[in-house]
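Data block for target23.txt (compact mmCIF, C-alpha atoms):
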```txt
# COMPACT_ATOMS: atom_id res chain seq x y z
CA MET A 1 -53.12 13.42 -81.64
CA LYS A 2 -50.06 14.09 -83.75
CA THR A 3 -47.80 11.22 -84.75
CA LEU A 4 -44.22 11.70 -83.61
CA PRO A 5 -41.77 12.15 -86.48
CA GLN A 6 -39.68 9.09 -87.31
CA LEU A 7 -35.92 9.40 -87.00
CA PRO A 8 -33.85 8.32 -90.01
CA GLU A 9 -32.56 4.76 -89.68
CA GLU A 10 -28.90 5.83 -89.75
CA ILE A 11 -29.48 8.07 -86.71
CA ILE A 12 -31.28 5.28 -84.85
CA ALA A 13 -28.41 2.91 -85.70
CA ASN A 14 -25.85 5.43 -84.45
CA ILE A 15 -27.69 5.83 -81.14
CA LEU A 16 -28.24 2.11 -80.60
CA SER A 17 -24.62 1.26 -81.47
CA ARG A 18 -23.51 3.01 -78.26
CA LEU A 19 -25.48 0.68 -75.98
CA PRO A 20 -24.21 -2.46 -74.21
CA VAL A 21 -24.99 -5.83 -75.78
CA LYS A 22 -27.43 -6.96 -73.09
CA HIS A 23 -29.62 -3.89 -73.74
CA LEU A 24 -29.53 -4.41 -77.50
CA ILE A 25 -30.66 -8.02 -77.12
CA GLN A 26 -33.68 -6.76 -75.15
CA LEU A 27 -34.40 -4.03 -77.73
CA LYS A 28 -34.76 -6.64 -80.49
CA CYS A 29 -38.25 -7.18 -79.06
CA VAL A 30 -39.33 -3.54 -79.59
CA SER A 31 -40.30 -3.92 -83.25
CA LYS A 32 -39.56 -5.86 -86.41
CA PRO A 33 -37.52 -2.97 -87.90
CA TRP A 34 -35.35 -2.83 -84.75
CA LEU A 35 -34.95 -6.62 -84.80
CA SER A 36 -33.81 -6.41 -88.41
CA LEU A 37 -31.46 -3.50 -87.70
CA ILE A 38 -29.78 -4.99 -84.62
CA SER A 39 -29.41 -8.38 -86.36
CA ASP A 40 -27.74 -6.82 -89.42
CA PRO A 41 -23.98 -7.75 -89.74
CA GLN A 42 -23.21 -4.14 -90.69
CA PHE A 43 -24.75 -2.94 -87.42
CA SER A 44 -22.60 -5.41 -85.46
CA LYS A 45 -19.51 -3.88 -87.12
CA LEU A 46 -20.69 -0.38 -86.19
CA HIS A 47 -21.33 -1.50 -82.61
CA LEU A 48 -17.88 -3.12 -82.46
CA ALA A 49 -16.20 0.11 -83.61
CA GLN A 50 -18.17 2.17 -81.05
CA SER A 51 -17.44 -0.21 -78.17
CA LYS A 52 -13.71 0.00 -78.83
CA LYS A 53 -13.64 3.79 -78.59
CA ASN A 54 -16.46 4.46 -76.11
CA SER A 55 -14.94 5.32 -72.73
CA ASN A 56 -18.32 5.49 -70.96
CA PHE A 57 -18.52 1.74 -70.64
CA SER A 58 -16.07 -1.10 -71.04
CA SER A 59 -17.06 -4.14 -73.06
CA GLN A 60 -13.99 -6.17 -72.02
CA ARG A 61 -14.81 -9.17 -69.88
CA VAL A 62 -13.38 -12.50 -68.70
CA LEU A 63 -15.35 -15.57 -69.70
CA LEU A 64 -15.13 -18.34 -67.09
CA VAL A 65 -15.58 -21.51 -69.12
CA THR A 66 -17.03 -23.92 -66.60
CA GLN A 67 -20.45 -25.19 -65.56
CA PRO A 68 -22.40 -22.99 -65.03
CA LEU A 69 -20.91 -20.54 -67.54
CA GLU A 70 -20.18 -17.07 -66.13
CA SER A 71 -18.74 -13.75 -67.31
CA ALA A 72 -16.84 -11.21 -65.17
CA ALA A 73 -16.23 -7.51 -65.80
CA CYS A 74 -12.53 -6.73 -66.34
CA GLU A 75 -12.94 -3.01 -65.68
CA ALA A 76 -14.66 -3.54 -62.36
CA SER A 77 -14.74 -0.58 -59.99
CA ASP A 78 -14.15 -1.03 -56.27
CA GLU A 79 -17.94 -0.84 -55.80
CA ASP A 80 -18.47 -3.55 -58.44
CA LEU A 81 -15.93 -5.80 -56.72
CA ASP A 82 -17.99 -5.57 -53.54
CA ASP A 83 -21.25 -6.40 -55.33
CA GLN A 84 -21.20 -9.77 -57.07
CA SER A 85 -24.44 -9.01 -58.95
CA ARG A 86 -22.63 -6.14 -60.74
CA LEU A 87 -19.37 -8.03 -61.19
CA ILE A 88 -20.62 -11.35 -62.58
CA PHE A 89 -23.51 -12.41 -64.77
CA PRO A 90 -24.52 -15.93 -65.86
CA LEU A 91 -24.47 -17.15 -69.46
CA GLU A 92 -25.53 -20.33 -71.25
CA PHE A 93 -23.64 -22.54 -73.67
CA PRO A 94 -25.09 -22.52 -77.20
CA ALA A 95 -27.00 -25.56 -78.40
CA ALA A 96 -24.41 -26.22 -81.14
CA MET A 97 -21.77 -27.04 -78.50
CA LYS A 98 -23.97 -29.46 -76.53
CA LYS A 99 -24.42 -33.19 -76.98
CA THR A 100 -28.07 -32.52 -77.80
CA PRO A 101 -29.91 -29.17 -77.99
CA ASP A 102 -31.76 -29.88 -74.71
CA SER A 103 -28.75 -31.33 -72.87
CA ASP A 104 -26.70 -29.59 -70.19
CA GLU A 105 -23.58 -31.49 -71.25
CA LEU A 106 -21.06 -30.24 -73.79
CA VAL A 107 -19.81 -32.40 -76.64
CA ASP A 108 -17.30 -35.04 -75.55
CA GLY A 109 -13.60 -34.35 -75.13
CA TRP A 110 -11.07 -32.02 -73.57
CA LEU A 111 -11.78 -28.36 -74.30
CA ASP A 112 -9.04 -25.95 -75.41
CA ILE A 113 -9.66 -22.22 -75.76
CA GLY A 114 -7.86 -20.72 -78.76
CA GLY A 115 -8.12 -17.03 -77.92
CA SER A 116 -10.67 -14.39 -78.89
CA CYS A 117 -11.19 -11.74 -81.55
CA ASN A 118 -13.99 -9.15 -81.86
CA GLY A 119 -16.13 -10.97 -79.31
CA LEU A 120 -15.72 -14.37 -80.99
CA ILE A 121 -13.96 -17.22 -79.17
CA CYS A 122 -12.27 -20.29 -80.65
CA ALA A 123 -13.21 -23.48 -78.79
CA VAL A 124 -11.53 -26.78 -79.72
CA PHE A 125 -12.58 -30.22 -78.43
CA GLU A 126 -10.01 -33.03 -78.45
CA HIS A 127 -7.86 -31.10 -80.97
CA GLU A 128 -10.37 -32.03 -83.65
CA ARG A 129 -13.77 -30.32 -83.41
CA VAL A 130 -13.50 -26.54 -83.77
CA PHE A 131 -16.22 -24.02 -82.88
CA LEU A 132 -16.48 -20.30 -83.48
CA TRP A 133 -18.46 -19.00 -80.51
CA ASN A 134 -19.95 -15.69 -79.39
CA PRO A 135 -21.01 -16.15 -75.73
CA SER A 136 -22.71 -12.72 -75.63
CA ILE A 137 -25.40 -13.77 -78.12
CA ARG A 138 -25.21 -17.52 -77.41
CA GLU A 139 -24.32 -18.51 -80.97
CA ALA A 140 -21.74 -21.05 -82.13
CA LEU A 141 -20.72 -22.49 -85.48
CA GLU A 142 -18.86 -25.77 -85.93
CA LEU A 143 -16.11 -25.53 -88.53
CA ALA A 144 -14.38 -28.24 -90.56
CA LYS A 145 -12.69 -30.88 -88.42
CA LEU A 146 -8.95 -30.90 -87.97
CA ARG A 147 -7.00 -33.92 -89.19
CA PRO A 148 -5.76 -36.30 -86.46
CA PHE A 149 -2.43 -35.43 -84.83
CA ASP A 150 -0.26 -36.93 -82.09
CA PRO A 151 -2.56 -36.60 -79.02
CA LYS A 152 0.49 -36.35 -76.74
CA GLY A 153 1.92 -33.46 -78.74
CA THR A 154 1.78 -29.79 -77.86
CA PHE A 155 -0.87 -27.54 -79.37
CA SER A 156 -1.55 -23.82 -79.60
CA TYR A 157 -4.53 -22.17 -81.28
CA GLY A 158 -5.24 -18.65 -82.41
CA LEU A 159 -8.20 -16.71 -83.81
CA GLY A 160 -7.78 -13.50 -85.78
CA TYR A 161 -9.41 -11.20 -88.31
CA ASN A 162 -8.04 -10.58 -91.81
CA PHE A 163 -9.03 -7.01 -92.73
CA PRO A 164 -8.46 -7.13 -96.54
CA THR A 165 -10.79 -10.12 -97.01
CA ASP A 166 -13.21 -9.30 -94.16
CA ASP A 167 -12.79 -12.84 -92.88
CA TYR A 168 -11.75 -14.67 -89.71
CA LYS A 169 -8.96 -17.23 -89.59
CA VAL A 170 -8.23 -20.02 -87.13
CA VAL A 171 -4.61 -21.14 -86.72
CA ARG A 172 -3.30 -24.35 -85.14
CA VAL A 173 0.37 -24.78 -84.26
CA ALA A 174 1.13 -28.41 -83.37
CA ARG A 175 4.32 -30.23 -82.46
CA PRO A 176 4.57 -34.03 -82.08
CA SER A 177 5.67 -35.48 -78.73
CA ASN A 178 8.75 -37.11 -80.26
CA ALA A 179 9.97 -33.96 -82.03
CA VAL A 180 13.64 -33.18 -81.54
CA ALA A 181 13.68 -29.91 -83.47
CA SER A 182 11.31 -26.96 -83.68
CA ASN A 183 11.19 -27.24 -87.47
CA GLU A 184 8.96 -30.30 -86.97
CA THR A 185 6.16 -27.95 -85.87
CA GLU A 186 3.14 -27.97 -88.17
CA VAL A 187 1.02 -24.87 -88.83
CA GLU A 188 -2.51 -25.15 -90.24
CA VAL A 189 -4.89 -22.32 -91.17
CA LEU A 190 -8.63 -22.21 -91.80
CA GLU A 191 -10.42 -19.27 -93.41
CA VAL A 192 -14.01 -19.21 -92.21
CA LYS A 193 -15.37 -18.17 -95.62
CA THR A 194 -13.93 -21.28 -97.28
CA ASN A 195 -14.06 -23.62 -94.26
CA ILE A 196 -10.98 -25.47 -95.52
CA TRP A 197 -7.88 -26.34 -93.47
CA ARG A 198 -4.53 -25.70 -95.19
CA ARG A 199 -1.07 -26.64 -94.02
CA ILE A 200 1.37 -23.77 -94.51
CA GLN A 201 5.03 -23.06 -93.85
CA GLY A 202 6.03 -23.76 -90.26
CA LEU A 203 7.61 -21.49 -87.69
CA GLN A 204 11.11 -20.13 -87.97
CA SER A 205 13.67 -22.79 -87.06
CA GLY A 206 14.58 -22.83 -83.37
CA ILE A 207 11.36 -21.15 -82.17
CA GLU A 208 9.13 -22.79 -79.55
CA ILE A 209 5.80 -21.21 -78.65
CA GLU A 210 4.94 -20.80 -74.97
CA GLY A 211 1.67 -19.55 -73.52
CA GLU A 212 -1.59 -18.14 -74.87
CA CYS A 213 -2.22 -16.29 -78.14
CA ILE A 214 -3.08 -12.57 -78.41
CA PHE A 215 -4.64 -10.97 -81.53
CA LEU A 216 -3.63 -7.36 -82.18
CA ASN A 217 -2.85 -5.15 -85.20
CA GLY A 218 -3.78 -7.79 -87.75
CA ALA A 219 -1.52 -10.47 -86.27
CA LEU A 220 -1.50 -13.27 -83.72
CA HIS A 221 1.16 -13.02 -81.01
CA TRP A 222 2.80 -15.60 -78.78
CA LEU A 223 5.57 -15.53 -76.23
CA ALA A 224 8.26 -17.85 -77.60
CA SER A 225 11.75 -19.07 -76.77
CA ARG A 226 14.78 -19.62 -78.98
CA GLU A 227 17.92 -21.57 -78.10
CA THR A 228 21.12 -19.58 -78.60
CA GLY A 229 24.09 -21.71 -77.60
CA GLN A 230 23.54 -22.65 -73.97
CA ARG A 231 21.01 -19.86 -73.40
CA LYS A 232 17.28 -19.66 -73.96
CA ILE A 233 16.19 -16.25 -75.28
CA TYR A 234 12.57 -15.12 -75.03
CA VAL A 235 10.95 -13.15 -77.83
CA ILE A 236 7.47 -12.23 -79.00
CA VAL A 237 6.53 -13.99 -82.23
CA ALA A 238 3.87 -12.63 -84.58
CA PHE A 239 1.85 -14.40 -87.27
CA HIS A 240 0.58 -11.97 -89.93
CA MET A 241 -3.03 -12.84 -90.79
CA GLU A 242 -2.92 -11.61 -94.39
CA GLU A 243 0.52 -12.86 -95.41
CA GLU A 244 0.31 -16.02 -93.27
CA LYS A 245 3.94 -15.69 -92.26
CA SER A 246 5.50 -15.74 -88.81
CA TYR A 247 8.35 -13.50 -87.66
CA GLU A 248 10.03 -12.25 -84.50
CA LEU A 249 8.35 -9.00 -83.51
CA VAL A 250 10.46 -7.85 -80.55
CA PRO A 251 12.63 -9.37 -77.82
CA ILE A 252 11.53 -9.00 -74.22
CA PRO A 253 12.79 -5.99 -72.20
CA ASP A 254 16.50 -6.11 -71.29
CA ASN A 255 15.67 -5.22 -67.68
CA ILE A 256 13.91 -8.53 -66.96
CA ASP A 257 16.25 -10.74 -64.97
CA GLU A 258 17.19 -13.92 -66.83
CA SER A 259 16.27 -16.07 -63.82
CA LYS A 260 12.68 -14.75 -63.96
CA GLN A 261 12.10 -15.21 -67.67
CA SER A 262 10.40 -18.58 -67.18
CA SER A 263 7.65 -16.76 -65.25
CA LEU A 264 6.69 -14.47 -68.15
CA VAL A 265 3.10 -14.12 -69.39
CA LEU A 266 2.02 -12.25 -72.54
CA ALA A 267 -1.25 -10.33 -72.19
CA ILE A 268 -2.95 -7.17 -73.42
CA SER A 269 -3.65 -3.70 -72.08
CA GLY A 270 -5.93 -1.57 -74.23
CA ASP A 271 -4.42 -1.54 -77.73
CA CYS A 272 -0.94 -2.58 -76.59
CA LEU A 273 0.86 -5.81 -75.83
CA CYS A 274 1.65 -6.24 -72.15
CA LEU A 275 4.20 -8.54 -70.54
CA PHE A 276 4.04 -9.73 -66.94
CA SER A 277 7.07 -11.10 -65.12
CA GLY A 278 7.00 -12.69 -61.68
CA CYS A 279 3.92 -14.88 -62.19
CA GLY A 280 4.25 -18.02 -60.11
CA TYR A 281 6.50 -18.40 -57.07
CA GLU A 282 8.19 -15.01 -57.37
CA TYR A 283 7.83 -12.33 -54.70
CA VAL A 284 7.62 -9.37 -57.08
CA LEU A 285 5.14 -8.89 -59.94
CA GLU A 286 6.11 -6.51 -62.76
CA ALA A 287 4.25 -5.38 -65.87
CA TRP A 288 5.74 -3.98 -69.08
CA LEU A 289 3.89 -2.19 -71.87
CA LEU A 290 4.98 -2.14 -75.53
CA GLU A 291 3.91 1.45 -76.24
CA GLU A 292 4.98 1.46 -79.90
CA TYR A 293 4.11 -1.70 -81.78
CA GLY A 294 7.23 -3.56 -82.94
CA ALA A 295 9.75 -1.18 -81.30
CA LYS A 296 11.92 -2.78 -78.62
CA SER A 297 12.93 0.65 -77.28
CA SER A 298 9.28 1.41 -76.43
CA TRP A 299 9.01 -1.13 -73.59
CA SER A 300 8.03 0.79 -70.45
CA ARG A 301 7.53 -0.60 -66.97
CA LEU A 302 3.99 -0.05 -65.68
CA PHE A 303 4.67 -1.15 -62.11
CA SER A 304 6.77 -3.33 -59.86
CA ALA A 305 5.05 -4.50 -56.67
CA TYR A 306 5.48 -7.05 -53.91
CA LYS A 307 2.73 -9.65 -53.87
CA GLU A 308 2.24 -10.01 -50.12
CA THR A 309 -1.48 -9.06 -50.31
CA LEU A 310 -2.24 -11.67 -52.97
CA PRO A 311 -3.80 -14.96 -51.85
CA GLY A 312 -1.76 -18.13 -52.07
CA PHE A 313 -2.11 -20.60 -54.90
CA LYS A 314 -1.38 -24.31 -55.24
CA TYR A 315 -0.58 -24.91 -58.88
CA TRP A 316 -0.33 -21.84 -61.09
CA GLU A 317 -0.94 -18.10 -61.31
CA THR A 318 -1.54 -16.36 -64.65
CA ALA A 319 -2.07 -12.65 -65.25
CA LEU A 320 -4.83 -12.14 -67.85
CA CYS A 321 -4.87 -8.40 -68.52
CA TYR A 322 -4.03 -4.93 -67.19
CA THR A 323 -7.14 -2.75 -66.99
CA LYS A 324 -7.75 0.96 -67.63
CA THR A 325 -8.29 1.40 -63.89
CA GLY A 326 -4.80 0.06 -63.15
CA LYS A 327 -5.75 -3.40 -61.90
CA VAL A 328 -4.33 -6.77 -62.90
CA VAL A 329 -6.86 -9.56 -63.43
CA ILE A 330 -5.24 -12.85 -62.38
CA ASN A 331 -6.29 -16.49 -62.75
CA TYR A 332 -5.43 -18.56 -59.66
CA ASP A 333 -5.36 -22.31 -60.23
CA GLY A 334 -8.42 -22.10 -62.48
CA ARG A 335 -10.37 -21.77 -59.22
CA ASP A 336 -10.21 -18.08 -58.25
CA LEU A 337 -10.25 -14.82 -60.18
CA VAL A 338 -8.32 -11.99 -58.51
CA TRP A 339 -8.37 -8.23 -59.18
CA TYR A 340 -5.06 -6.85 -57.89
CA ASP A 341 -4.33 -3.13 -57.53
CA PRO A 342 -0.50 -2.78 -57.46
CA LYS A 343 -0.62 0.92 -56.48
CA LYS A 344 -2.85 0.38 -53.46
CA ASN A 345 -1.44 -3.12 -52.90
CA THR A 346 -4.97 -4.48 -52.43
CA SER A 347 -6.81 -7.38 -53.98
CA LYS A 348 -10.32 -8.80 -54.32
CA THR A 349 -11.09 -12.45 -55.02
CA PHE A 350 -14.05 -14.09 -56.73
CA THR A 351 -14.54 -17.85 -56.42
CA PRO A 352 -17.20 -19.29 -58.74
CA SER A 353 -19.23 -22.22 -57.51
CA ASN A 354 -18.97 -24.61 -60.41
CA ASP A 355 -19.52 -28.27 -61.17
CA TRP A 356 -16.12 -28.75 -62.83
CA ASP A 357 -14.06 -27.59 -59.80
CA TRP A 358 -12.04 -25.37 -62.17
CA PHE A 359 -12.53 -22.91 -65.00
CA GLN A 360 -10.74 -21.85 -68.18
CA PRO A 361 -10.60 -18.06 -68.50
CA VAL A 362 -10.52 -16.09 -71.74
CA VAL A 363 -10.55 -12.30 -72.14
CA TYR A 364 -13.07 -11.13 -74.73
CA ILE A 365 -15.23 -8.14 -75.62
CA GLU A 366 -19.01 -8.13 -75.62
CA ASN A 367 -20.24 -7.81 -79.18
CA LEU A 368 -23.01 -8.80 -81.57
CA VAL A 369 -20.74 -10.35 -84.23
CA SER A 370 -22.27 -13.63 -85.34
CA PRO A 371 -20.08 -16.71 -85.92
CA HIS A 372 -22.08 -17.16 -89.16
CA CYS A 373 -21.11 -13.73 -90.51
CA CYS A 374 -18.40 -15.00 -92.88
CA TYR A 375 -19.34 -18.63 -93.22
CA ALA A 376 -19.86 -20.33 -96.57
CA SER A 377 -20.60 -24.06 -96.55
CA ASN A 378 -17.85 -26.14 -98.11
CA ARG A 379 -16.87 -29.76 -97.84
CA GLN A 380 -13.96 -30.46 -95.52
CA ASN A 381 -10.62 -30.50 -97.31
CA TYR A 382 -6.89 -30.11 -96.71
CA THR A 383 -4.17 -28.66 -98.88
CA ASP A 384 -0.44 -28.24 -98.25
CA ILE A 385 1.69 -25.28 -99.22
```
Could you take the file, read its structure, and then write that structure out as structure tokens?
Amino acid sequence: MKTLPQLPEEIIANILSRLPVKHLIQLKCVSKPWLSLISDPQFSKLHLAQSKKNSNFSSQRVLLVTQPLESAACEASDEDLDDQSRLIFPLEFPAAMKKTPDSDELVDGWLDIGGSCNGLICAVFEHERVFLWNPSIREALELAKLRPFDPKGTFSYGLGYNFPTDDYKVVRVARPSNAVASNETEVEVLEVKTNIWRRIQGLQSGIEIEGECIFLNGALHWLASRETGQRKIYVIVAFHMEEEKSYELVPIPDNIDESKQSSLVLAISGDCLCLFSGCGYEYVLEAWLLEEYGAKSSWSRLFSAYKETLPGFKYWETALCYTKTGKVVINYDGRDLVWYDPKKNTSKTFTPSNDWDWFQPVVYIENLVSPHCCYASNRQNYTDI
């Protein structure tokens, strides 16, 4: 019997890079060469590039950080929304984030989610212990601890990738509770390769960050406000990962009524920043897309729809993303996840059964990138610039 010819490794890698993560994890068991190939950091980069441009399947998901841990498909079809087994799949927390490897309990303290980048998620406990976490492959890496800060202060975290150095950076923006001016905000940065926290120049005077962080185009982005006389003006602030400098990217669209600006939420749609207005106790939900990065004139309204078909909420309502299929994924009270179709004016709700009675959502992409990919062990240290 003839032996089948062996395909070159680069062709095998190209074929495998087009498969979803869950299939690749199973294929690690096929052979030692495939295990070595799929575990290679260069293959994870190839897979990441393919997943971003492959329209046959969407790797974008919403992680529901609760107990038990679950993941939901952002780009869910109407059929998926009617079949929970296709919409949701269970995950497990990595051993590094547990009290003990065999425990079901996470390390002590309040958990903050500091955004996601290339499938990695930043998880921070008690504003001190920082983890780089890939839920798709159940790996986590604890980074150097943050120095103590006013526990009653306000905090915002961000995770991004610095292309020139092929490294990930974690950013913390912290403001003490007794601050009377925005220039009292402290900004600290950690490069994963060095594992050292550095204090750098703070935000532009007068700027106050509001809401979650979005990584796009080599920069972290926040919705922010700036006092101008008696008025509060909302802008999008960017933090450049390479230069480590913050700047105002664009103001919000002129068409958004001033009375509704407190209900704004910054999110993402594909490769563009997206802004939702009307989250909360407003009757109309609108979405705006920044079609050309950094150009105020490129804001375009995606939709404007009455929210009568949406379920009620008690505490808060936050839009998470706008999908390729034209749906808005919304977090309701940390208890329900809603897929809302503004064109059809229909919605579907998923309520996880969890032990915490609430969840923290974070949008991420399934990928094989390991938290250990850039890490070099260093003693904890701080420097000021």
Taking every listed atom of stretch 116-128 of chain A and adding 5 Å to each side, what centre and edge lengths in Å (one decimal) does the axis-aligned box have, as lines of an AutoDock Vina configuration file?
```
center_x = -12.0
center_y = -21.1
center_z = -81.0
size_x = 18.3
size_y = 33.9
size_z = 15.2
```
- Item | Expected residue set, 12 Å radius at (-32.4, -1.9, -76.9), only C-alpha atoms, as a ChimeraX atom specification | /A:12-13,15-31,34-35,37-39
- Task: Check the smallest atom-to-atom distance from each of A:Leu310, A:Ile214, A:Gln6, A:Phe163 to A:Glu243 using all atoms listed in the file, then report the winner.
- Result: A:Phe163
- Name the residues in contact with stretch 325-328 of chain A at a cut-off of 9 Å, using only C-alpha atoms, excluding same-chain residues fewer than 5 positions from it; report them as a PyMOL selection string. chain A and resi 74-77+319-320+338-343+347
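In this structure, atom CA of A:Glu184 sits 21.0 Å away from atom CA of A:Gly114.
Shortest separation to A:Arg301 among A:Pro253, A:Pro68, A:Pro371, A:Pro8 occurs at residue A:Pro253, atoms counted being only C-alpha atoms.
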Hey, could you make a per-residue contact list for stretch 128-177 of chain A against stretch 196-208 of chain A with 9 Å as the cut-off, showing the nearest pair of atoms and its distance in Å to one decimal, counting all atoms listed in the file, sorted by chain and number, as JSON lines?
```
{"residue": "A:Leu143", "atom": "CA", "partner": "A:Ile196", "partner_atom": "CA", "distance": 8.7}
{"residue": "A:Ala144", "atom": "CA", "partner": "A:Ile196", "partner_atom": "CA", "distance": 6.6}
{"residue": "A:Lys145", "atom": "CA", "partner": "A:Trp197", "partner_atom": "CA", "distance": 8.3}
{"residue": "A:Leu146", "atom": "CA", "partner": "A:Trp197", "partner_atom": "CA", "distance": 7.2}
{"residue": "A:Arg147", "atom": "CA", "partner": "A:Trp197", "partner_atom": "CA", "distance": 8.7}
{"residue": "A:Val170", "atom": "CA", "partner": "A:Trp197", "partner_atom": "CA", "distance": 9.0}
{"residue": "A:Val173", "atom": "CA", "partner": "A:Gly202", "partner_atom": "CA", "distance": 8.3}
```
- Message: Counting all atoms listed in the file, which residues have an atom no more than 9 Å from (-15.3, -32.0, -75.2) in the file's coordinates? Please list them as a PyMOL selection string.
- Response: chain A and resi 97+106-112+124-126+129
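Considering the residues A:Ile233, A:Tyr306, A:Gly115, A:Ala140 and counting only C-alpha atoms, A:Leu220 has its shortest atom-to-atom contact with A:Gly115.
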- Message: One decimal, in Å: what's the spacing between atom CA of A:Glu291 and atom CA of A:Lys344?
- Response: 23.8 Å
- Item | Neighbour list for A:Trp316 as a ChimeraX atom specification, cut-off 10 Å, all atoms listed in the file, skip fewer than 5 positions in-chain | /A:279-281,331-334
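Using all atoms listed in the file, the smallest distance between any of A:Ser103, A:Thr185, A:Thr165, A:Ser297 and A:Asp150 comes from A:Thr185.
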- Message: Need the shell around stretch 356-368 of chain A: protein/DNA/RNA residues with any atom at most 6 Å away, counting all atoms listed in the file. Skip same-chain ones fewer than 2 positions apart. Format as a VMD selection string?
- Response: chain A and resid 44 59 to 66 116 119 136 334 to 335 354
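Between atom CA of A:Phe43 and atom CA of A:Ala73 there is a distance of 23.7 Å.
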Generate the missing atoms of stretch 299-304 of chain A up to all heavy atoms and report them as a PDB file, in the coordinates of the input.
```pdb
ATOM      1  N   TRP A 299       9.449  -0.433 -74.805  1.00  0.00           N
ATOM      2  CA  TRP A 299       9.010  -1.130 -73.590  1.00  0.00           C
ATOM      3  C   TRP A 299       9.089  -0.171 -72.412  1.00  0.00           C
ATOM      4  O   TRP A 299      10.119   0.465 -72.173  1.00  0.00           O
ATOM      5  CB  TRP A 299       9.907  -2.324 -73.300  1.00  0.00           C
ATOM      6  CG  TRP A 299       9.654  -3.579 -74.075  1.00  0.00           C
ATOM      7  CD1 TRP A 299      10.502  -4.185 -74.961  1.00  0.00           C
ATOM      8  CD2 TRP A 299       8.498  -4.420 -74.024  1.00  0.00           C
ATOM      9  NE1 TRP A 299       9.954  -5.336 -75.466  1.00  0.00           N
ATOM     10  CE2 TRP A 299       8.718  -5.506 -74.909  1.00  0.00           C
ATOM     11  CE3 TRP A 299       7.283  -4.354 -73.331  1.00  0.00           C
ATOM     12  CZ2 TRP A 299       7.782  -6.520 -75.101  1.00  0.00           C
ATOM     13  CZ3 TRP A 299       6.350  -5.369 -73.534  1.00  0.00           C
ATOM     14  CH2 TRP A 299       6.604  -6.432 -74.403  1.00  0.00           C
ATOM     15  N   SER A 300       8.017  -0.035 -71.660  1.00  0.00           N
ATOM     16  CA  SER A 300       8.030   0.790 -70.450  1.00  0.00           C
ATOM     17  C   SER A 300       7.426   0.003 -69.300  1.00  0.00           C
ATOM     18  O   SER A 300       6.445  -0.728 -69.495  1.00  0.00           O
ATOM     19  CB  SER A 300       7.241   2.091 -70.656  1.00  0.00           C
ATOM     20  OG  SER A 300       5.869   1.825 -70.861  1.00  0.00           O
ATOM     21  N   ARG A 301       8.017   0.147 -68.130  1.00  0.00           N
ATOM     22  CA  ARG A 301       7.530  -0.600 -66.970  1.00  0.00           C
ATOM     23  C   ARG A 301       6.336   0.110 -66.368  1.00  0.00           C
ATOM     24  O   ARG A 301       6.395   1.281 -66.002  1.00  0.00           O
ATOM     25  CB  ARG A 301       8.638  -0.760 -65.933  1.00  0.00           C
ATOM     26  CG  ARG A 301       8.238  -1.670 -64.785  1.00  0.00           C
ATOM     27  CD  ARG A 301       9.430  -2.217 -64.023  1.00  0.00           C
ATOM     28  NE  ARG A 301      10.278  -1.169 -63.495  1.00  0.00           N
ATOM     29  CZ  ARG A 301      11.437  -1.393 -62.865  1.00  0.00           C
ATOM     30  NH1 ARG A 301      11.855  -2.641 -62.729  1.00  0.00           N
ATOM     31  NH2 ARG A 301      12.151  -0.396 -62.421  1.00  0.00           N
ATOM     32  N   LEU A 302       5.216  -0.620 -66.259  1.00  0.00           N
ATOM     33  CA  LEU A 302       3.990  -0.050 -65.680  1.00  0.00           C
ATOM     34  C   LEU A 302       4.058  -0.018 -64.164  1.00  0.00           C
ATOM     35  O   LEU A 302       3.651   0.947 -63.534  1.00  0.00           O
ATOM     36  CB  LEU A 302       2.773  -0.865 -66.122  1.00  0.00           C
ATOM     37  CG  LEU A 302       2.403  -0.798 -67.606  1.00  0.00           C
ATOM     38  CD1 LEU A 302       1.328  -1.826 -67.922  1.00  0.00           C
ATOM     39  CD2 LEU A 302       1.923   0.596 -67.966  1.00  0.00           C
ATOM     40  N   PHE A 303       4.564  -1.092 -63.568  1.00  0.00           N
ATOM     41  CA  PHE A 303       4.670  -1.150 -62.110  1.00  0.00           C
ATOM     42  C   PHE A 303       5.583  -2.290 -61.714  1.00  0.00           C
ATOM     43  O   PHE A 303       5.869  -3.201 -62.497  1.00  0.00           O
ATOM     44  CB  PHE A 303       3.295  -1.310 -61.446  1.00  0.00           C
ATOM     45  CG  PHE A 303       2.637  -2.637 -61.721  1.00  0.00           C
ATOM     46  CD1 PHE A 303       2.962  -3.784 -60.994  1.00  0.00           C
ATOM     47  CD2 PHE A 303       1.679  -2.748 -62.711  1.00  0.00           C
ATOM     48  CE1 PHE A 303       2.375  -4.999 -61.259  1.00  0.00           C
ATOM     49  CE2 PHE A 303       1.075  -3.969 -62.976  1.00  0.00           C
ATOM     50  CZ  PHE A 303       1.426  -5.093 -62.254  1.00  0.00           C
ATOM     51  N   SER A 304       6.034  -2.239 -60.495  1.00  0.00           N
ATOM     52  CA  SER A 304       6.770  -3.330 -59.860  1.00  0.00           C
ATOM     53  C   SER A 304       6.305  -3.363 -58.412  1.00  0.00           C
ATOM     54  O   SER A 304       6.449  -2.372 -57.691  1.00  0.00           O
ATOM     55  CB  SER A 304       8.283  -3.094 -59.933  1.00  0.00           C
ATOM     56  OG  SER A 304       8.983  -4.125 -59.276  1.00  0.00           O
TER      57      SER A 304
END
```
